[in-house]
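**Q** Just passing along the structure, written as structure tokens.
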Amino acid sequence: MRVLQLVGLLLGLLACVPRKSVSPPSESSNDTGDVSGSAITLERTACFGSCPVYRISVSPGGAVSYEGKAHVQRLGPATGQIPTGQVNALLSEMEKGGYFSFAPRYVPAEPACGRYSTDSPSAITSVQLRGRTMRIEHDYGCGAAPGALVVLERRID
């Protein structure tokens, strides 16, 4: 339920931003300081029920792209812009929260999964920061996934 509220908040913020085509900034036009070369993505996948299915990506310059796929208030693509300070703060939170120390996969076939419950959605995140790249597949049915990962996924929302 909280995910739906956060998606609604994001969509509400996006509705206030003038619509225009957003393309990722090139390295030469990136004036974001310490987030040069970094990006954040979050994709939420389907479950047995009516879990929201969407993808969000944030560029170093603050360009936000969203694509709602199922069980969301807005289907299809949307774009917007957030201040680079918010991108920097989120990247700092990801780093301090231990994102780069987590296992890359919390899925049933992996030992990091622990006890497994079927029919749960997944979150797939990626962060690029200062030459480091991390991508994490997190099936919510995996009982041993760190709680801090769930918190960071929500922060991206």
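By order in the structure tokens, chains are A, B, ...; within a chain, residues start at 1; ligands start at 1, following the order shown.
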Within 8 Å of Tyr99 (chain A), counting only C-alpha atoms, which residues show up once you throw out same-chain ones fewer than 5 positions away? Write them as a list in words, please.

**A**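 The residues satisfying every condition are Met94, Met134, Leu149 and Leu152 of chain A.
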
**Q** With all heavy atoms kept, could you save the residues just selected as an mmCIF file, in the first residue's frame?

**A**
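As written to disk, out-v7.cif reads:
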data_model
loop_
_atom_site.group_PDB
_atom_site.id
_atom_site.type_symbol
_atom_site.label_atom_id
_atom_site.label_comp_id
_atom_site.auth_asym_id
_atom_site.auth_seq_id
_atom_site.Cartn_x
_atom_site.Cartn_y
_atom_site.Cartn_z
ATOM 1 N N MET A 94 22.222 5.771 -0.502
ATOM 2 C CA MET A 94 22.447 4.415 -1.007
ATOM 3 C C MET A 94 23.821 3.906 -0.549
ATOM 4 O O MET A 94 23.948 2.766 -0.096
ATOM 5 C CB MET A 94 22.361 4.379 -2.533
ATOM 6 C CG MET A 94 21.019 4.810 -3.113
ATOM 7 S SD MET A 94 19.630 3.774 -2.645
ATOM 8 C CE MET A 94 19.899 2.359 -3.667
ATOM 9 N N MET A 134 26.441 -1.302 -9.303
ATOM 10 C CA MET A 134 25.854 -2.426 -8.587
ATOM 11 C C MET A 134 24.427 -2.595 -9.081
ATOM 12 O O MET A 134 23.689 -1.618 -9.231
ATOM 13 C CB MET A 134 25.855 -2.154 -7.079
ATOM 14 C CG MET A 134 25.321 -3.272 -6.247
ATOM 15 S SD MET A 134 26.446 -4.677 -6.258
ATOM 16 C CE MET A 134 25.761 -5.671 -4.965
ATOM 17 N N LEU A 149 17.904 -3.104 2.496
ATOM 18 C CA LEU A 149 17.687 -3.068 1.049
ATOM 19 C C LEU A 149 16.263 -2.615 0.745
ATOM 20 O O LEU A 149 16.037 -1.791 -0.142
ATOM 21 C CB LEU A 149 17.963 -4.440 0.423
ATOM 22 C CG LEU A 149 17.712 -4.564 -1.082
ATOM 23 C CD1 LEU A 149 18.547 -3.563 -1.869
ATOM 24 C CD2 LEU A 149 18.006 -5.998 -1.538
ATOM 25 N N LEU A 152 16.049 1.121 1.212
ATOM 26 C CA LEU A 152 16.672 1.855 0.109
ATOM 27 C C LEU A 152 15.812 1.801 -1.149
ATOM 28 O O LEU A 152 15.715 2.794 -1.876
ATOM 29 C CB LEU A 152 18.084 1.322 -0.151
ATOM 30 C CG LEU A 152 19.085 1.596 0.988
ATOM 31 C CD1 LEU A 152 20.395 0.873 0.729
ATOM 32 C CD2 LEU A 152 19.308 3.088 1.177
#

**Q** Find the residues of region 46-79 of chain A that sit at most 8 Å from region 105-126 of chain A; for each, write down the nearest two atoms and how far apart they are in Å, to one decimal. Count only C-alpha atoms. Sort by chain, then by number going up, and give it as a Markdown table.

**A**
| residue | atom | partner | partner_atom | distance |
| --- | --- | --- | --- | --- |
| A:Ala46 | CA | A:Pro121 | CA | 5.3 |
| A:Cys47 | CA | A:Pro121 | CA | 4.4 |
| A:Phe48 | CA | A:Asp119 | CA | 5.1 |
| A:Cys51 | CA | A:Pro121 | CA | 6.9 |

**Q** How would the residues just picked look written out with C-alpha atoms as a short mmCIF file (atom, residue, chain, number, x, y, z; two decimals), in the first residue's frame?

**A**
data_model
loop_
_atom_site.label_atom_id
_atom_site.label_comp_id
_atom_site.auth_asym_id
_atom_site.auth_seq_id
_atom_site.Cartn_x
_atom_site.Cartn_y
_atom_site.Cartn_z
CA ALA A 46 4.52 -8.51 -11.16
CA CYS A 47 3.30 -10.87 -8.46
CA PHE A 48 0.45 -13.37 -8.28
CA CYS A 51 1.26 -5.60 -7.41
#

**Q** Any idea what the distance is between CA of Val53 (chain A) and CA of Arg135 (chain A)?

**A**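 One can read the CA of Val53 (chain A) to CA of Arg135 (chain A) distance as 18.3 Å.
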
**Q** Which residues are close to Arg55 (chain A), i.e. within 12 Å by only C-alpha atoms, leaving aside same-chain residues fewer than 3 positions away? Reply as a VMD selection string.

**A** chain A and resid 7 40 to 46 52 58 64 to 70 72 74 to 79 122 to 126 156 to 157

**Q** Would you mind reading off the distance between CA of Val87 (chain A) and CA of Gly61 (chain A), one decimal, in Å?

**A** 7.8 Å

**Q** Considering only alpha helix (DSSP H) as DSSP defines it on the backbone, what residues of region 55-116 of chain A qualify? List them as a VMD selection string.

**A** chain A and resid 84 to 96

**Q** I need the residues from that last selection saved to file as a short mmCIF file (atom, residue, chain, number, x, y, z; two decimals), in the first residue's frame (with all heavy atoms), if you can.

**A**
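Okay, part34.cif is ready:
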data_model
loop_
_atom_site.label_atom_id
_atom_site.label_comp_id
_atom_site.auth_asym_id
_atom_site.auth_seq_id
_atom_site.Cartn_x
_atom_site.Cartn_y
_atom_site.Cartn_z
N THR A 84 19.36 18.32 -8.71
CA THR A 84 20.52 17.45 -8.58
C THR A 84 20.89 17.22 -7.12
O THR A 84 21.45 16.18 -6.78
CB THR A 84 21.74 18.02 -9.34
OG1 THR A 84 22.01 19.33 -8.87
CG2 THR A 84 21.50 18.02 -10.83
N GLY A 85 20.50 18.14 -6.25
CA GLY A 85 20.74 17.95 -4.82
C GLY A 85 20.01 16.72 -4.29
O GLY A 85 20.51 16.01 -3.43
N GLN A 86 18.81 16.47 -4.81
CA GLN A 86 18.06 15.27 -4.40
C GLN A 86 18.73 14.01 -4.92
O GLN A 86 18.76 12.98 -4.25
CB GLN A 86 16.63 15.34 -4.88
CG GLN A 86 15.77 16.29 -4.08
CD GLN A 86 14.32 16.27 -4.54
OE1 GLN A 86 14.02 16.06 -5.71
NE2 GLN A 86 13.43 16.51 -3.61
N VAL A 87 19.28 14.09 -6.14
CA VAL A 87 20.01 12.93 -6.69
C VAL A 87 21.23 12.65 -5.81
O VAL A 87 21.49 11.51 -5.42
CB VAL A 87 20.43 13.17 -8.15
CG1 VAL A 87 21.23 11.99 -8.68
CG2 VAL A 87 19.23 13.45 -9.03
N ASN A 88 21.98 13.72 -5.49
CA ASN A 88 23.17 13.56 -4.64
C ASN A 88 22.81 12.96 -3.29
O ASN A 88 23.49 12.07 -2.79
CB ASN A 88 23.86 14.91 -4.43
CG ASN A 88 24.56 15.41 -5.65
OD1 ASN A 88 24.95 14.64 -6.52
ND2 ASN A 88 24.72 16.71 -5.73
N ALA A 89 21.72 13.45 -2.69
CA ALA A 89 21.31 12.95 -1.37
C ALA A 89 20.92 11.48 -1.44
O ALA A 89 21.28 10.69 -0.56
CB ALA A 89 20.14 13.79 -0.84
N LEU A 90 20.21 11.10 -2.49
CA LEU A 90 19.80 9.70 -2.63
C LEU A 90 21.02 8.80 -2.86
O LEU A 90 21.14 7.74 -2.25
CB LEU A 90 18.80 9.53 -3.77
CG LEU A 90 18.27 8.11 -4.00
CD1 LEU A 90 17.66 7.53 -2.72
CD2 LEU A 90 17.25 8.11 -5.12
N LEU A 91 21.94 9.24 -3.69
CA LEU A 91 23.15 8.46 -3.91
C LEU A 91 23.97 8.31 -2.63
O LEU A 91 24.47 7.22 -2.33
CB LEU A 91 24.00 9.09 -5.02
CG LEU A 91 23.45 8.92 -6.42
CD1 LEU A 91 24.15 9.86 -7.39
CD2 LEU A 91 23.59 7.48 -6.88
N SER A 92 24.05 9.37 -1.87
CA SER A 92 24.76 9.31 -0.59
C SER A 92 24.07 8.34 0.37
O SER A 92 24.73 7.54 1.04
CB SER A 92 24.81 10.71 0.03
OG SER A 92 25.43 10.68 1.28
N GLU A 93 22.75 8.38 0.40
CA GLU A 93 22.00 7.46 1.25
C GLU A 93 22.20 6.01 0.81
O GLU A 93 22.32 5.11 1.64
CB GLU A 93 20.52 7.83 1.21
CG GLU A 93 19.70 7.11 2.22
CD GLU A 93 18.27 7.61 2.30
OE1 GLU A 93 17.96 8.72 1.83
OE2 GLU A 93 17.44 6.85 2.83
N MET A 94 22.22 5.77 -0.50
CA MET A 94 22.45 4.41 -1.01
C MET A 94 23.82 3.91 -0.55
O MET A 94 23.95 2.77 -0.10
CB MET A 94 22.36 4.38 -2.53
CG MET A 94 21.02 4.81 -3.11
SD MET A 94 19.63 3.77 -2.64
CE MET A 94 19.90 2.36 -3.67
N GLU A 95 24.81 4.76 -0.66
CA GLU A 95 26.17 4.36 -0.28
C GLU A 95 26.27 4.13 1.22
O GLU A 95 26.77 3.10 1.67
CB GLU A 95 27.16 5.44 -0.73
CG GLU A 95 28.60 5.06 -0.54
CD GLU A 95 29.54 6.04 -1.21
OE1 GLU A 95 29.29 7.26 -1.15
OE2 GLU A 95 30.51 5.57 -1.81
N LYS A 96 25.77 5.05 2.01
CA LYS A 96 25.83 4.93 3.47
C LYS A 96 24.96 3.79 3.99
O LYS A 96 25.26 3.19 5.02
CB LYS A 96 25.40 6.23 4.13
CG LYS A 96 26.41 7.34 3.97
CD LYS A 96 25.91 8.63 4.57
CE LYS A 96 26.93 9.74 4.31
NZ LYS A 96 26.40 11.05 4.73
#
